[in-house]
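S.K.: Here's a structure for you.
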Amino acid sequence: MTNVTQMNETDRQYYFMEKASGHVAKLGEELGRRPTCCVTTFGCQMNARDSEKLVGILEKVGYEIIEDENADFVIYNTCTVRDNANQRVYGRLGVLNGYKRKNPHMKIALCGCMMQEPEVVEKLRTSYRFVDLIFGTHNIHRLPVLLKQAMLEKELVLEVWSKEGDVIENLPSHRANNYKAWVNIMYGCNKFCTYCIVPYTRGKERSRELDEIIKEVEELKNSGYKEITLLGQNVNSYGKDLNNGTDFATLLEAVAKTGIDRIRFTTSHPWDFNADMIDIIAKYDNIMPSIHLPVQSGNDEVLKLMGRRYSKESYLKLFDMIKEKIPDCTITTDIIVGFPNETEEQFQDTLSLYNYCKYDLAYTFIYSPREGTPAAKMEDNVPLSDKEQRLYRLNELVNKYANEANQKYLGQVVKVLVEGPSKKNPDVLSGYTEHNKLINFKGDASMVGQIVDVRVTEAKTWALTGEQLESNN
Ligand code: SAH
Ligand code: SF4
Ligand code: F3S
């Protein structure tokens, strides 16, 4: 007899996948069709990658994966970085309940960052009693065993570990795209910026072994992938916990040497970004010249209160070093306006920093207090209307410089990884340039998944337009 307790974690989950397959097959017989499943993702790329793993497991146990939430099994992979992310989930749960009333076989599961918050789980238990399964970010790999339980039990199945476990390798995953892939390099975050919930929902930093990452990149390359994005909450601190001298520069170089066409990475934290890393990015043509470098604020006092561990001056020093060593590098950022007690003058410092950096793009947010974080305890004297005004004023700059940045490409020939017909017009192809600019262009549809030369004929704020060159090979 198999002794499940003595298996390693990966084998144990494969064992339960087999068990769960039996239950899914039985449900299929009852329904007279293959049971369907839908995974909806909220939040960042980390969640998107986790969802690929969930889909991989669900497919393996026999579900047909569909996009319609009116399915036999629905999972919401949630985000809680700002309150509006939570509200969206609560709103949509009502709709799911409507589906469930009509489909007695339906099971509803919730996972992801929101589930790591005890008060959220409490609210779901008491006010959303139709939810069948709740699991946390550290329990993703346990979906097989949890699914099996949820299929057998009428009561809520709940498993949220408050502490991160080991990194579990080699479970199934179904990648959302055939040409570009996300590759986790580390999980969690140790930075504890005072406004941010992520270190609480994702646990402490755990780096994957370099060999595992390289193996994954090589497999992707061999199966035709053209682009990978290395994922972590702050990739620049990769390797610190491995204690063997490996750092992000070492990893980047090793990944570059695999020869995969395009390498991207996100997110960079300015604190751990060093000159060695910039040199490696500059040295290898397959590391894309495009860096997301969140600044959050341009005022030193606010940065200090945010716990960001750099000053405006040291951020700009890094920014200038990147622009000097990688002259055509596109730099994008994240900014929070209306941090508790932010004054008009402090906000002006953010605007002046923006005018200096002239970012290619910025994701801008109004500060949202997150329970359990230090900033949530700060009193705040800034009215919401002022915060909205600041966001509006900042976004005016964002749009202005996004447009200016794109004008630079007018008339140039750029390399584009062709993704497929554009969403708006099936006669037009779309893809991203090396600098991560979205481009829609007239071209050869048989080139989907290939990198082609495109001449830029028009530059707008959010996208470029172009024509594929004849001479592509
Ligand atoms: N690890 C990344 C991204 C984390 S979340 C980083 O450090 O850059 C993505 C962005 O959401 C952050 O960069 C920040 O700008 C924003 N954010 C995080 N917490 C927030 C909060 N409480 N309110 C508003 N925006 C927030
Ligand atoms: Fe949040 Fe800061 Fe960590 Fe980014 S670095 S995830 S903003 S705590
Ligand atoms: Fe949201 Fe969790 Fe990502 S809170 S932003 S999904 S790490």
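Chains: A, B, ... in order of the structure tokens. Residues: from 1 per chain. Ligands: from 1, in order shown.
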For ligand 1, list the contacting residues at 9 Å or closer, counting only C-alpha atoms and all ligand atoms, as a ChimeraX atom specification.
M.R.: /A:43-44,80-83,189,191,193-198,232-235,266-270,292-296,308,333-339,363-370,373,375-376
S.K.: Next, write the just-selected residues to a file, as a PDB file, in the first residue's frame, keeping C-alpha atoms as the atom set.
M.R.:
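Written output follows (result.pdb):
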ATOM      1  CA  GLY A  43      -4.187  41.147  -9.302  1.00  0.00           C
ATOM      2  CA  CYS A  44      -0.603  40.926 -10.482  1.00  0.00           C
ATOM      3  CA  THR A  80      -6.017  42.536  -1.902  1.00  0.00           C
ATOM      4  CA  VAL A  81      -3.387  45.157  -2.687  1.00  0.00           C
ATOM      5  CA  ARG A  82      -6.018  47.936  -2.628  1.00  0.00           C
ATOM      6  CA  ASP A  83      -9.509  47.863  -1.221  1.00  0.00           C
ATOM      7  CA  CYS A 189       8.713  39.913  -0.042  1.00  0.00           C
ATOM      8  CA  LYS A 191      10.626  44.811   2.229  1.00  0.00           C
ATOM      9  CA  CYS A 193       6.863  49.029   2.735  1.00  0.00           C
ATOM     10  CA  THR A 194       4.530  50.531   5.335  1.00  0.00           C
ATOM     11  CA  TYR A 195       1.483  50.776   3.042  1.00  0.00           C
ATOM     12  CA  CYS A 196       1.765  47.320   1.508  1.00  0.00           C
ATOM     13  CA  ILE A 197      -0.062  44.110   2.336  1.00  0.00           C
ATOM     14  CA  VAL A 198       2.002  41.844   0.057  1.00  0.00           C
ATOM     15  CA  GLY A 232       9.306  38.252  -8.169  1.00  0.00           C
ATOM     16  CA  GLN A 233       8.011  41.019  -5.897  1.00  0.00           C
ATOM     17  CA  ASN A 234      11.490  42.482  -5.979  1.00  0.00           C
ATOM     18  CA  VAL A 235      13.653  40.475  -8.316  1.00  0.00           C
ATOM     19  CA  THR A 266       9.597  42.397 -12.909  1.00  0.00           C
ATOM     20  CA  THR A 267       9.426  44.028 -10.377  1.00  0.00           C
ATOM     21  CA  SER A 268      12.661  45.848  -9.594  1.00  0.00           C
ATOM     22  CA  HIS A 269      13.104  47.490  -6.230  1.00  0.00           C
ATOM     23  CA  PRO A 270      15.524  50.441  -6.412  1.00  0.00           C
ATOM     24  CA  HIS A 292       9.854  48.729 -14.308  1.00  0.00           C
ATOM     25  CA  LEU A 293      11.308  50.767 -11.447  1.00  0.00           C
ATOM     26  CA  PRO A 294       8.609  51.834  -8.963  1.00  0.00           C
ATOM     27  CA  VAL A 295       9.415  55.118  -7.240  1.00  0.00           C
ATOM     28  CA  GLN A 296       6.122  55.568  -5.268  1.00  0.00           C
ATOM     29  CA  ARG A 308      11.134  52.566   0.841  1.00  0.00           C
ATOM     30  CA  THR A 333       7.126  53.230 -12.629  1.00  0.00           C
ATOM     31  CA  ASP A 334       4.427  52.975  -9.938  1.00  0.00           C
ATOM     32  CA  ILE A 335       3.316  55.995  -7.919  1.00  0.00           C
ATOM     33  CA  ILE A 336       1.026  56.329  -4.918  1.00  0.00           C
ATOM     34  CA  VAL A 337      -0.655  59.694  -4.309  1.00  0.00           C
ATOM     35  CA  GLY A 338      -2.319  60.752  -1.090  1.00  0.00           C
ATOM     36  CA  PHE A 339      -0.187  58.789   1.352  1.00  0.00           C
ATOM     37  CA  TYR A 363       0.772  52.963 -12.911  1.00  0.00           C
ATOM     38  CA  THR A 364      -0.696  55.489 -10.517  1.00  0.00           C
ATOM     39  CA  PHE A 365      -2.796  54.788  -7.449  1.00  0.00           C
ATOM     40  CA  ILE A 366      -4.597  56.588  -4.678  1.00  0.00           C
ATOM     41  CA  TYR A 367      -3.304  55.310  -1.358  1.00  0.00           C
ATOM     42  CA  SER A 368      -5.595  52.646   0.080  1.00  0.00           C
ATOM     43  CA  PRO A 369      -5.213  51.759   3.789  1.00  0.00           C
ATOM     44  CA  ARG A 370      -4.659  48.028   4.315  1.00  0.00           C
ATOM     45  CA  THR A 373       0.014  47.499   7.808  1.00  0.00           C
ATOM     46  CA  ALA A 375       0.506  53.048   7.447  1.00  0.00           C
ATOM     47  CA  ALA A 376      -3.094  52.072   8.156  1.00  0.00           C
TER      48      ALA A 376
END
S.K.: Skip A:Gln87 itself and residues of its chain fewer than 5 positions away, then list as a ChimeraX atom specification all residues within 12 Å of it, counting only C-alpha atoms.
M.R.: /A:42,78-82,92-94,114,120
S.K.: Restricting the output to N, CA and C atoms, write the selected residues as a PDB file, in the first residue's frame.
M.R.:
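The new file result-v7.pdb reads:
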ATOM      1  N   PHE A  42      -7.468  37.813 -10.423  1.00  0.00           N
ATOM      2  CA  PHE A  42      -7.379  39.237 -10.102  1.00  0.00           C
ATOM      3  C   PHE A  42      -5.922  39.517  -9.729  1.00  0.00           C
ATOM      4  N   THR A  78      -7.696  35.690  -5.900  1.00  0.00           N
ATOM      5  CA  THR A  78      -7.958  37.089  -5.531  1.00  0.00           C
ATOM      6  C   THR A  78      -6.711  37.910  -5.219  1.00  0.00           C
ATOM      7  N   CYS A  79      -6.921  39.222  -5.211  1.00  0.00           N
ATOM      8  CA  CYS A  79      -5.878  40.210  -4.893  1.00  0.00           C
ATOM      9  C   CYS A  79      -6.423  41.134  -3.816  1.00  0.00           C
ATOM     10  N   THR A  80      -5.540  41.632  -2.954  1.00  0.00           N
ATOM     11  CA  THR A  80      -6.017  42.536  -1.902  1.00  0.00           C
ATOM     12  C   THR A  80      -5.112  43.749  -1.748  1.00  0.00           C
ATOM     13  N   VAL A  81      -4.389  44.090  -2.809  1.00  0.00           N
ATOM     14  CA  VAL A  81      -3.387  45.157  -2.687  1.00  0.00           C
ATOM     15  C   VAL A  81      -4.032  46.518  -2.401  1.00  0.00           C
ATOM     16  N   ARG A  82      -5.223  46.732  -2.950  1.00  0.00           N
ATOM     17  CA  ARG A  82      -6.018  47.936  -2.628  1.00  0.00           C
ATOM     18  C   ARG A  82      -7.446  47.485  -2.353  1.00  0.00           C
ATOM     19  N   ARG A  92     -18.772  40.295  -7.352  1.00  0.00           N
ATOM     20  CA  ARG A  92     -18.967  39.212  -8.324  1.00  0.00           C
ATOM     21  C   ARG A  92     -19.400  37.906  -7.680  1.00  0.00           C
ATOM     22  N   LEU A  93     -19.134  37.749  -6.383  1.00  0.00           N
ATOM     23  CA  LEU A  93     -19.566  36.520  -5.713  1.00  0.00           C
ATOM     24  C   LEU A  93     -21.083  36.372  -5.747  1.00  0.00           C
ATOM     25  N   GLY A  94     -21.777  37.511  -5.705  1.00  0.00           N
ATOM     26  CA  GLY A  94     -23.244  37.479  -5.768  1.00  0.00           C
ATOM     27  C   GLY A  94     -23.711  36.828  -7.065  1.00  0.00           C
ATOM     28  N   MET A 114      -6.289  37.675  -0.874  1.00  0.00           N
ATOM     29  CA  MET A 114      -7.351  38.074   0.066  1.00  0.00           C
ATOM     30  C   MET A 114      -7.543  37.034   1.167  1.00  0.00           C
ATOM     31  N   VAL A 120     -11.150  38.663   6.264  1.00  0.00           N
ATOM     32  CA  VAL A 120     -11.827  38.342   5.006  1.00  0.00           C
ATOM     33  C   VAL A 120     -12.450  36.948   5.108  1.00  0.00           C
TER      34      VAL A 120
END
S.K.: From the options A:Arg129, A:Thr250, A:Lys148, A:Met288, which residue's atoms come nearest to A:Ser21, counting only C-alpha atoms?
M.R.: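 Using only C-alpha atoms, the shortest distance to A:Ser21 belongs to A:Lys148.
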S.K.: Run DSSP on the backbone and give me the residues of stretch 84-234 of chain A it puts in alpha helix (DSSP H), as JSON, numbers by chain.
M.R.: {"A": [84, 85, 86, 87, 88, 89, 90, 91, 92, 93, 94, 95, 96, 97, 98, 99, 100, 101, 102, 118, 119, 120, 121, 122, 123, 124, 125, 126, 127, 143, 144, 145, 146, 147, 148, 149, 150, 151, 152, 198, 199, 200, 201, 202, 210, 211, 212, 213, 214, 215, 216, 217, 218, 219, 220, 221, 222]}
S.K.: Between atom CA of A:Asn47 and atom 1 (Fe, counted along the ligand's line) of ligand 3, what is the spacing in Å?
M.R.: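 Computed distance, atom 1 (Fe, counted along the ligand's line) of ligand 3 to atom CA of A:Asn47, equals 7.2 Å.
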S.K.: Between A:Ala85, A:Met7, A:Ala20, A:Leu305, which residue has the minimum interatomic distance to ligand 3, considering only C-alpha atoms and all ligand atoms?
M.R.: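 Smallest separation from ligand 3 among the options: A:Ala85.
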S.K.: Taking only C-alpha atoms and all ligand atoms into account, name the residue in A:Ser51, A:Ser314, A:Ser237, A:Thr350 that is nearest to ligand 2.
M.R.: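 Residue with the minimum atom-to-atom distance to ligand 2: A:Ser237.
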